[in-house]
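Novice: Sharing final-v8.csv, CSV, C-alpha atoms:
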chain,number,residue,atom,x,y,z
W,1,MET,CA,-9.6,-18.4,-64.8
W,2,SER,CA,-10.9,-21.6,-63.4
W,3,ARG,CA,-12.6,-24.0,-65.6
W,4,THR,CA,-16.0,-25.5,-64.7
W,5,LEU,CA,-17.5,-28.6,-65.8
W,6,ALA,CA,-20.9,-27.7,-64.7
W,7,PRO,CA,-22.3,-24.6,-63.1
W,8,GLY,CA,-21.3,-24.5,-59.5
W,9,ILE,CA,-18.7,-27.3,-59.6
W,10,PRO,CA,-15.2,-25.9,-59.4
W,11,VAL,CA,-12.3,-27.6,-61.2
W,12,ARG,CA,-8.7,-27.6,-59.8
W,13,GLU,CA,-6.4,-25.2,-61.6
W,14,THR,CA,-3.6,-26.6,-63.7
W,15,GLN,CA,0.0,-25.4,-62.8
W,16,GLU,CA,0.1,-23.3,-65.9
W,17,GLU,CA,-3.1,-21.5,-64.9
W,18,ARG,CA,-1.8,-21.1,-61.4
W,19,ASN,CA,1.4,-19.4,-62.7
W,20,LEU,CA,-0.7,-17.1,-64.9
W,21,ASN,CA,-2.9,-16.1,-62.1
W,22,ALA,CA,0.1,-15.4,-59.9
W,23,GLU,CA,1.4,-13.0,-62.5
W,24,GLN,CA,-1.8,-11.1,-62.6
W,25,ARG,CA,-2.1,-10.7,-58.8
W,26,PRO,CA,-1.1,-7.4,-57.4
W,27,VAL,CA,2.4,-7.4,-56.2
W,28,THR,CA,2.7,-6.6,-52.6
W,29,THR,CA,5.9,-5.2,-51.1
W,30,GLY,CA,7.0,-5.1,-47.5
W,31,GLU,CA,6.3,-1.4,-47.5
W,32,GLN,CA,2.6,-1.8,-48.2
W,33,ARG,CA,2.1,-4.3,-45.4
W,34,PRO,CA,1.1,-2.9,-42.1
W,35,ALA,CA,4.1,-2.8,-39.8
W,36,LYS,CA,3.9,-5.3,-37.0
W,37,PRO,CA,3.7,-3.6,-33.7
W,38,GLY,CA,7.1,-4.0,-31.9
W,39,PRO,CA,7.6,-4.5,-28.2
W,40,LYS,CA,6.3,-1.5,-26.3
W,41,SER,CA,9.0,0.6,-24.7
W,42,ARG,CA,8.6,0.1,-21.0
W,43,LYS,CA,10.1,2.0,-18.2
W,44,PRO,CA,12.7,0.1,-16.3
W,45,THR,CA,11.2,-1.5,-13.2
W,46,GLY,CA,12.7,-1.6,-9.8
W,47,ARG,CA,14.4,-4.7,-8.5
W,48,THR,CA,13.6,-4.5,-4.8
W,49,PRO,CA,12.9,-8.1,-3.5
W,50,ALA,CA,9.7,-8.9,-1.8
W,51,TRP,CA,11.3,-9.4,1.6
W,52,ALA,CA,12.7,-5.9,1.5
W,53,LEU,CA,9.3,-4.4,0.6
W,54,LYS,CA,7.7,-6.3,3.5
W,55,LEU,CA,10.4,-5.1,5.9
W,56,GLY,CA,10.2,-1.5,4.6
W,57,SER,CA,6.4,-1.4,4.9
W,58,ALA,CA,6.5,-2.9,8.4
W,59,LEU,CA,9.1,-0.4,9.5
W,60,PHE,CA,7.1,2.5,8.0
W,61,ALA,CA,3.8,1.4,9.7
W,62,PHE,CA,5.5,1.0,13.1
W,63,ALA,CA,7.3,4.3,12.7
W,64,VAL,CA,4.0,5.9,12.2
W,65,PHE,CA,2.7,4.1,15.2
W,66,GLY,CA,5.7,5.0,17.4
W,67,GLY,CA,5.7,8.6,16.2
W,68,SER,CA,2.0,9.0,16.9
W,69,PHE,CA,2.4,7.4,20.3
W,70,ASP,CA,5.1,9.8,21.2
W,71,TYR,CA,3.0,12.7,19.9
W,72,ALA,CA,-0.1,11.5,21.8
W,73,SER,CA,1.8,11.1,25.1
W,74,GLN,CA,3.0,14.7,24.8
W,75,HIS,CA,-0.4,16.1,23.8
W,76,LEU,CA,-2.8,14.3,26.1
W,77,ALA,CA,-5.8,16.4,25.1
W,78,THR,CA,-6.2,18.2,21.9
W,79,ALA,CA,-8.6,21.1,22.4
W,80,ASN,CA,-9.5,21.5,18.8
W,81,ALA,CA,-10.0,17.7,18.1
W,82,PRO,CA,-13.1,17.1,16.0
W,83,LEU,CA,-14.5,14.5,18.3
W,84,GLN,CA,-14.8,15.2,22.1
W,85,PRO,CA,-16.4,12.6,24.3
W,86,THR,CA,-19.2,14.2,26.4
W,87,VAL,CA,-18.1,12.5,29.6
W,88,VAL,CA,-16.5,15.6,31.0
W,89,ALA,CA,-19.6,17.7,30.3
W,90,VAL,CA,-21.9,15.2,31.9
W,91,ALA,CA,-19.6,14.8,35.0
W,92,ALA,CA,-19.4,18.5,35.4
W,93,SER,CA,-23.2,18.9,35.4
W,94,THR,CA,-23.8,16.3,38.1
W,95,GLU,CA,-21.1,17.4,40.6
W,96,PRO,CA,-22.3,19.8,43.4
W,97,THR,CA,-21.2,23.3,43.0
W,98,VAL,CA,-19.2,25.1,45.6
W,99,THR,CA,-19.7,28.8,46.1
W,100,LEU,CA,-17.3,31.0,48.1
W,101,SER,CA,-18.6,33.7,50.5
W,102,PRO,CA,-16.7,36.2,52.6
W,103,THR,CA,-15.9,34.8,56.1
W,104,LEU,CA,-15.8,38.2,57.9
W,105,SER,CA,-19.0,39.4,59.4
W,106,THR,CA,-20.0,42.5,61.3
W,107,THR,CA,-21.0,42.6,65.0
W,108,THR,CA,-23.3,44.7,67.1
W,109,ARG,CA,-21.1,44.6,70.2
W,110,ALA,CA,-19.3,47.8,71.2
W,111,PRO,CA,-15.6,47.8,70.7
W,112,VAL,CA,-13.3,47.6,73.7
W,113,THR,CA,-11.9,51.0,74.3
W,114,LYS,CA,-11.1,51.0,78.1
W,115,THR,CA,-7.6,50.2,79.2
W,116,ALA,CA,-6.5,49.9,82.8
W,117,SER,CA,-3.1,50.2,84.4
W,118,SER,CA,-2.1,49.3,87.9
S,1,MET,CA,-4.2,3.3,32.8
S,2,ASP,CA,-7.0,5.0,30.9
S,3,LEU,CA,-4.5,7.6,29.7
S,4,PHE,CA,-2.2,4.9,28.3
S,5,LEU,CA,-5.1,3.2,26.5
S,6,TRP,CA,-6.2,6.5,25.0
S,7,GLU,CA,-2.7,7.2,23.7
S,8,LEU,CA,-2.5,3.6,22.4
S,9,ALA,CA,-5.8,3.9,20.6
S,10,ARG,CA,-4.8,7.2,18.9
S,11,ALA,CA,-1.4,5.9,17.8
S,12,SER,CA,-2.6,2.5,16.6
S,13,GLY,CA,-5.4,4.3,14.6
S,14,LEU,CA,-2.9,6.3,12.6
S,15,GLY,CA,-0.7,3.2,12.3
S,16,ALA,CA,-3.6,1.2,11.0
S,17,TYR,CA,-4.4,3.9,8.4
S,18,ALA,CA,-0.8,3.8,7.2
S,19,ALA,CA,-0.9,0.0,6.9
S,20,LEU,CA,-4.2,0.0,5.0
S,21,CYS,CA,-2.8,2.6,2.6
S,22,ILE,CA,0.1,0.2,1.9
S,23,ALA,CA,-2.3,-2.7,1.4
S,24,THR,CA,-4.5,-0.7,-1.0
S,25,ILE,CA,-1.7,0.8,-3.0
S,26,SER,CA,0.1,-2.5,-3.3
S,27,GLY,CA,-3.2,-4.1,-4.4
S,28,LEU,CA,-3.7,-1.5,-7.1
S,29,ALA,CA,0.0,-1.4,-8.2
S,30,PRO,CA,0.2,-4.6,-10.4
S,31,ARG,CA,-2.4,-3.2,-12.9
S,32,THR,CA,-1.4,0.5,-12.7
S,33,ALA,CA,2.4,0.3,-12.4
S,34,ALA,CA,2.1,2.5,-9.3
S,35,LEU,CA,5.1,0.8,-7.7
S,36,ALA,CA,7.0,-0.1,-10.9
S,37,PHE,CA,9.8,2.3,-9.9
S,38,LEU,CA,10.3,0.2,-6.8
S,39,ALA,CA,9.8,-3.5,-7.6
S,40,GLN,CA,8.4,-6.0,-10.1
S,41,ASN,CA,4.8,-7.0,-9.9
S,42,ARG,CA,5.6,-10.4,-8.3
S,43,ALA,CA,7.2,-8.7,-5.3
S,44,VAL,CA,4.5,-6.1,-5.0
S,45,ARG,CA,1.9,-8.9,-5.1
S,46,ALA,CA,3.8,-10.7,-2.3
S,47,LEU,CA,3.6,-7.5,-0.3
S,48,HIS,CA,-0.1,-7.2,-0.8
S,49,ASP,CA,-0.7,-10.8,0.2
S,50,TRP,CA,1.4,-10.2,3.3
S,51,SER,CA,-0.2,-6.9,4.3
S,52,PRO,CA,-3.0,-8.4,6.6
S,53,TRP,CA,-0.2,-9.3,9.1
S,54,LEU,CA,0.5,-5.6,9.3
S,55,ILE,CA,-3.1,-4.4,9.4
S,56,ILE,CA,-4.6,-6.9,11.9
S,57,PRO,CA,-2.4,-6.2,14.9
S,58,LEU,CA,-2.8,-2.4,14.5
S,59,VAL,CA,-6.6,-2.5,14.0
S,60,LEU,CA,-7.1,-4.9,16.9
S,61,THR,CA,-4.9,-2.7,19.1
S,62,HIS,CA,-7.0,0.3,18.1
S,63,VAL,CA,-10.3,-1.4,18.8
S,64,VAL,CA,-9.4,-3.2,22.0
S,65,ALA,CA,-7.8,-0.1,23.5
S,66,LEU,CA,-10.9,1.9,22.8
S,67,ILE,CA,-13.1,-0.8,24.4
S,68,LEU,CA,-10.9,-0.9,27.5
S,69,ASP,CA,-10.7,2.9,27.8
S,70,ALA,CA,-13.5,3.9,30.1
S,71,THR,CA,-13.4,7.5,29.0
S,72,ALA,CA,-14.0,6.7,25.3
S,73,ARG,CA,-17.2,4.8,26.2
S,74,ILE,CA,-17.0,2.4,23.2
S,75,GLY,CA,-18.7,-1.0,23.8
S,76,VAL,CA,-18.2,-4.3,22.1
S,77,LEU,CA,-21.5,-3.7,20.2
S,78,ASP,CA,-20.2,-0.4,18.9
S,79,VAL,CA,-17.3,-2.2,17.2
S,80,PHE,CA,-19.6,-4.2,15.0
S,81,VAL,CA,-22.9,-2.2,14.8
S,82,PRO,CA,-22.5,1.3,13.3
S,83,PHE,CA,-24.2,4.4,14.6
S,84,VAL,CA,-25.2,3.3,18.1
S,85,THR,CA,-22.6,5.1,20.1
S,86,SER,CA,-23.7,7.7,22.6
S,87,TYR,CA,-21.7,10.5,20.9
S,88,GLY,CA,-20.0,11.1,17.5
S,89,ARG,CA,-22.4,8.6,15.8
S,90,LEU,CA,-21.4,9.4,12.3
S,91,ALA,CA,-17.7,9.7,12.9
S,92,ILE,CA,-17.4,6.5,15.0
S,93,GLY,CA,-20.0,4.7,12.9
S,94,LEU,CA,-17.9,5.2,9.8
S,95,GLY,CA,-15.0,3.5,11.6
S,96,THR,CA,-17.3,0.6,12.5
S,97,ILE,CA,-18.3,0.3,8.8
S,98,SER,CA,-14.7,0.2,7.7
S,99,PHE,CA,-13.9,-2.4,10.4
S,100,ASP,CA,-16.8,-4.6,9.3
S,101,LEU,CA,-15.8,-4.3,5.6
S,102,LEU,CA,-12.2,-5.1,6.5
S,103,VAL,CA,-13.4,-8.3,8.3
S,104,VAL,CA,-15.4,-9.3,5.2
S,105,VAL,CA,-12.5,-8.7,2.8
S,106,LEU,CA,-10.1,-10.6,5.0
S,107,VAL,CA,-12.4,-13.6,5.6
S,108,THR,CA,-13.3,-13.9,1.9
S,109,THR,CA,-9.7,-13.7,1.0
S,110,TRP,CA,-8.9,-16.6,3.2
S,111,LEU,CA,-11.9,-18.5,1.7
S,112,ARG,CA,-10.9,-17.6,-1.8
S,113,ARG,CA,-10.5,-21.1,-3.0
S,114,ARG,CA,-13.9,-22.1,-1.9
S,115,MET,CA,-15.7,-19.4,-4.1
S,116,SER,CA,-15.7,-18.4,-7.7
S,117,LEU,CA,-13.4,-15.7,-8.9
S,118,ALA,CA,-16.3,-13.4,-9.7
S,119,THR,CA,-17.7,-13.8,-6.2
S,120,TRP,CA,-14.3,-13.2,-4.6
S,121,GLN,CA,-13.7,-10.1,-6.7
S,122,LEU,CA,-17.1,-8.7,-5.7
S,123,PHE,CA,-16.2,-9.1,-2.0
S,124,HIS,CA,-12.6,-7.8,-2.5
S,125,ARG,CA,-13.9,-4.6,-4.2
S,126,LEU,CA,-15.6,-3.7,-1.0
S,127,SER,CA,-12.2,-2.7,0.2
S,128,TYR,CA,-12.6,0.5,-1.9
S,129,LEU,CA,-15.7,1.3,0.1
S,130,GLY,CA,-13.9,0.4,3.3
S,131,PHE,CA,-11.1,2.8,2.5
S,132,VAL,CA,-13.5,5.7,1.9
S,133,ALA,CA,-15.2,4.9,5.2
S,134,LEU,CA,-11.8,4.7,7.0
S,135,PHE,CA,-10.7,8.0,5.5
S,136,SER,CA,-13.9,9.7,6.6
S,137,HIS,CA,-13.6,8.2,10.1
S,138,ALA,CA,-10.0,9.5,10.3
S,139,ILE,CA,-11.0,13.0,9.2
S,140,LEU,CA,-14.1,13.3,11.3
S,141,SER,CA,-12.8,11.8,14.5
S,142,GLY,CA,-9.1,12.0,14.3
S,143,THR,CA,-7.8,13.5,17.5
S,144,ASP,CA,-4.3,14.1,16.2
S,145,LEU,CA,-5.0,15.7,12.9
S,146,THR,CA,-2.5,18.5,13.2
S,147,PRO,CA,-1.9,20.3,9.8
S,148,ILE,CA,1.1,18.0,9.0
S,149,ILE,CA,-0.7,14.8,9.9
S,150,ALA,CA,-3.8,16.0,8.1
S,151,ALA,CA,-1.8,16.8,5.0
S,152,LEU,CA,-0.2,13.3,5.0
S,153,THR,CA,-3.6,11.7,5.5
S,154,TRP,CA,-5.1,13.6,2.5
S,155,LEU,CA,-2.0,12.9,0.4
S,156,ALA,CA,-2.3,9.2,1.0
S,157,ALA,CA,-6.0,9.2,0.2
S,158,ALA,CA,-5.3,11.2,-3.0
S,159,VAL,CA,-2.7,8.6,-4.1
S,160,VAL,CA,-5.2,5.8,-3.5
S,161,ALA,CA,-8.0,7.7,-5.3
S,162,TYR,CA,-5.7,8.5,-8.3
S,163,TYR,CA,-4.6,4.9,-8.8
S,164,SER,CA,-8.2,3.6,-8.2
S,165,PHE,CA,-9.4,5.7,-11.1
S,166,GLU,CA,-6.4,4.6,-13.1
S,167,ARG,CA,-7.2,1.0,-12.4
S,168,VAL,CA,-10.8,1.5,-13.5
S,169,ARG,CA,-9.6,3.3,-16.7
S,170,ARG,CA,-7.2,0.5,-17.6
S,171,SER,CA,-9.7,-2.2,-17.0
S,172,ARG,CA,-12.1,-0.7,-19.6
S,173,PRO,CA,-12.1,-2.5,-23.0
S,174,MET,CA,-10.3,-0.6,-25.7
S,175,PRO,CA,-12.7,0.9,-28.3
S,176,SER,CA,-12.4,-1.0,-31.6
S,177,ALA,CA,-11.0,1.1,-34.5
S,178,GLY,CA,-13.5,1.8,-37.4
Could I get this structure in the form of structure tokens?

Specialist:
Amino acid sequence: MSRTLAPGIPVRETQEERNLNAEQRPVTTGEQRPAKPGPKSRKPTGRTPAWALKLGSALFAFAVFGGSFDYASQHLATANAPLQPTVVAVAASTEPTVTLSPTLSTTTRAPVTKTASS
Amino acid sequence: MDLFLWELARASGLGAYAALCIATISGLAPRTAALAFLAQNRAVRALHDWSPWLIIPLVLTHVVALILDATARIGVLDVFVPFVTSYGRLAIGLGTISFDLLVVVLVTTWLRRRMSLATWQLFHRLSYLGFVALFSHAILSGTDLTPIIAALTWLAAAVVAYYSFERVRRSRPMPSAG
């Protein structure tokens, strides 16, 4: 409903025209508007302070260290460990081997059978 | 003495694995709410920033004990260069790779203010690769992987893997509607 003096040159609406245009605009209600997203529901977070987290993690790591040391000192060699240094095998192959043989041998001398009495 | 060093290396290896699990999970937690039941993001972030002080002593103990243990036959070169050991090349080499990546991640974290955010993130994401190498090293060369310890090792790795995928999923841009 805007008047124009010349093609392409808009003219400001009068108050009367503005009111008329407002009546013709579609009426929007609150129901038609998209609802604003509310604050997301969040799970409650813990309140542990940073120093407690640090202390707890340090205690945990050193508990793992201590427990592992205790276990390692009780189990010096794990036979089914995935990695076995070849040191033992190399050492075994270079050492001289010892073979045992019977120490008793037979003789050709005749056994002593004569006994004398005075 | 060798026996003590061998026990020390085994124990510190497992301790270092536990410490690195703590560091990785606390690093993933702020974006994934992995530790939301325990603390707020600020406290979890503080734990993550502090975790190197837990990792470094345990990793150094593990490495130094193995160098000093004559039976293990690990040299100084083996600590930095992977796959050059005289035995267990893959298993020990993976440990070397995880150590190298840990050094890179720690050094770039301390030099963070001297590099761009994108560069720092690129280096910091190497920690995922480092964790995979560390886990493989633990499984392939772990002397003390009894069924209980092995189950805990796999469980910790599964938790890290789950929250890593969750982190990737949450960082993807949401598809626009319509």

Novice: From the set W:Gln74, W:Ser68, W:Thr108, W:Thr115, which residue has the shortest atom-to-atom contact distance to chain S, counting all atoms listed in the file?

Specialist: W:Ser68

Novice: Every residue with an atom at most 7 Å from (0.8, 5.0, 8.6) (file coordinates; all atoms listed in the file) is what I'm after, so could you write them as a list in words?

Specialist: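 Residues with an atom at most 7 Å from (0.8, 5.0, 8.6): Phe60, Ala61, Val64 and Phe65 of chain W; Leu14, Gly15, Ala16, Tyr17, Ala18 and Ala19 of chain S.
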
Novice: What does the distance between CA of Ala72 in chain S and CA of Leu152 in chain S come to in Å, to one decimal place?

Specialist: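 That distance, rounded to one decimal, is 25.4 Å.
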
Novice: With range 25-44 of chain S as the partner and 12 Å as the cut-off, tabulate the residues of range 101-131 of chain S that qualify, each row holding the nearest pair of atoms and their distance in Å to one decimal, using only C-alpha atoms, sorted by chain and rising number, as JSON lines.

Specialist:
{"residue": "S:His124", "atom": "CA", "partner": "S:Gly27", "partner_atom": "CA", "distance": 10.3}
{"residue": "S:Arg125", "atom": "CA", "partner": "S:Gly27", "partner_atom": "CA", "distance": 10.7}
{"residue": "S:Ser127", "atom": "CA", "partner": "S:Gly27", "partner_atom": "CA", "distance": 10.2}
{"residue": "S:Tyr128", "atom": "CA", "partner": "S:Leu28", "partner_atom": "CA", "distance": 10.5}
{"residue": "S:Phe131", "atom": "CA", "partner": "S:Ile25", "partner_atom": "CA", "distance": 11.1}

Novice: Between S:Gly13, S:Gly130, S:Gly75, S:Gly95, which one has atoms that come closest to chain W, using all atoms listed in the file?

Specialist: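 Nearest to chain W: S:Gly13.
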
Novice: Identify, on the basis of all atoms listed in the file, every residue whose closest approach to Gly93 in chain S does not exceed 9 Å; exclude the query and any residue fewer than 2 positions from it along the same chain; express the result as JSON, numbers by chain.

Specialist: {"S": [78, 79, 81, 82, 83, 84, 85, 88, 89, 90, 91, 95, 96, 97, 98, 137]}

Novice: Choose the residue, out of S:Val132, S:Ala138, S:Val63, S:Leu106, that has the smallest atom-to-atom separation from chain W; count all atoms listed in the file.

Specialist: S:Ala138

Novice: Mind pulling up the distance from CA of Gly67 in chain W to CA of His48 in chain S?

Specialist: 23.9 Å

Novice: Please, what distance in Å, to one decimal, runs between CA of Pro57 in chain S and CA of Thr109 in chain S?

Specialist: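 Distance between the two atoms: 17.4 Å.
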
Novice: Rank S:Thr24, S:Ser164, S:Ser116, S:Ser12 by their smallest atom-to-atom distance to chain W, using only C-alpha atoms, and report the top residue only.

Specialist: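 Of the candidates, the smallest distance to chain W is held by S:Ser12.
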
Novice: Taking only C-alpha atoms into account, which of S:Cys21, S:Leu77, S:Ala9, S:Ala70 comes nearest Leu155 in chain S?

Specialist: S:Cys21

Novice: Restricting the calculation to all atoms listed in the file: of W:Thr107, W:Phe62, W:Gly56, W:Val112, which residue gets closest to chain S?

Specialist: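 Distance minimum relative to chain S lands on W:Phe62.
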
Novice: Counting only C-alpha atoms, which residues have an atom no more than 6 Å from (-7.8, 7.2, 30.2) in the file's coordinates? Please list them as an MDAnalysis selection string.

Specialist: chainID S and resid 1:3 6 69 71

Novice: Quick one: residues within 8 Å of Leu68 in chain S, only C-alpha atoms counted, chain neighbours fewer than 3 positions away excluded, as a PyMOL selection string?

Specialist: chain S and resi 2+5+64-65

Novice: If we count all atoms listed in the file, what is near Ser73 in chain W at a cut-off of 10 Å, once residues fewer than 6 positions away on the same chain are taken out, given as a PyMOL selection string?

Specialist: chain S and resi 3-4+6-8+10-11
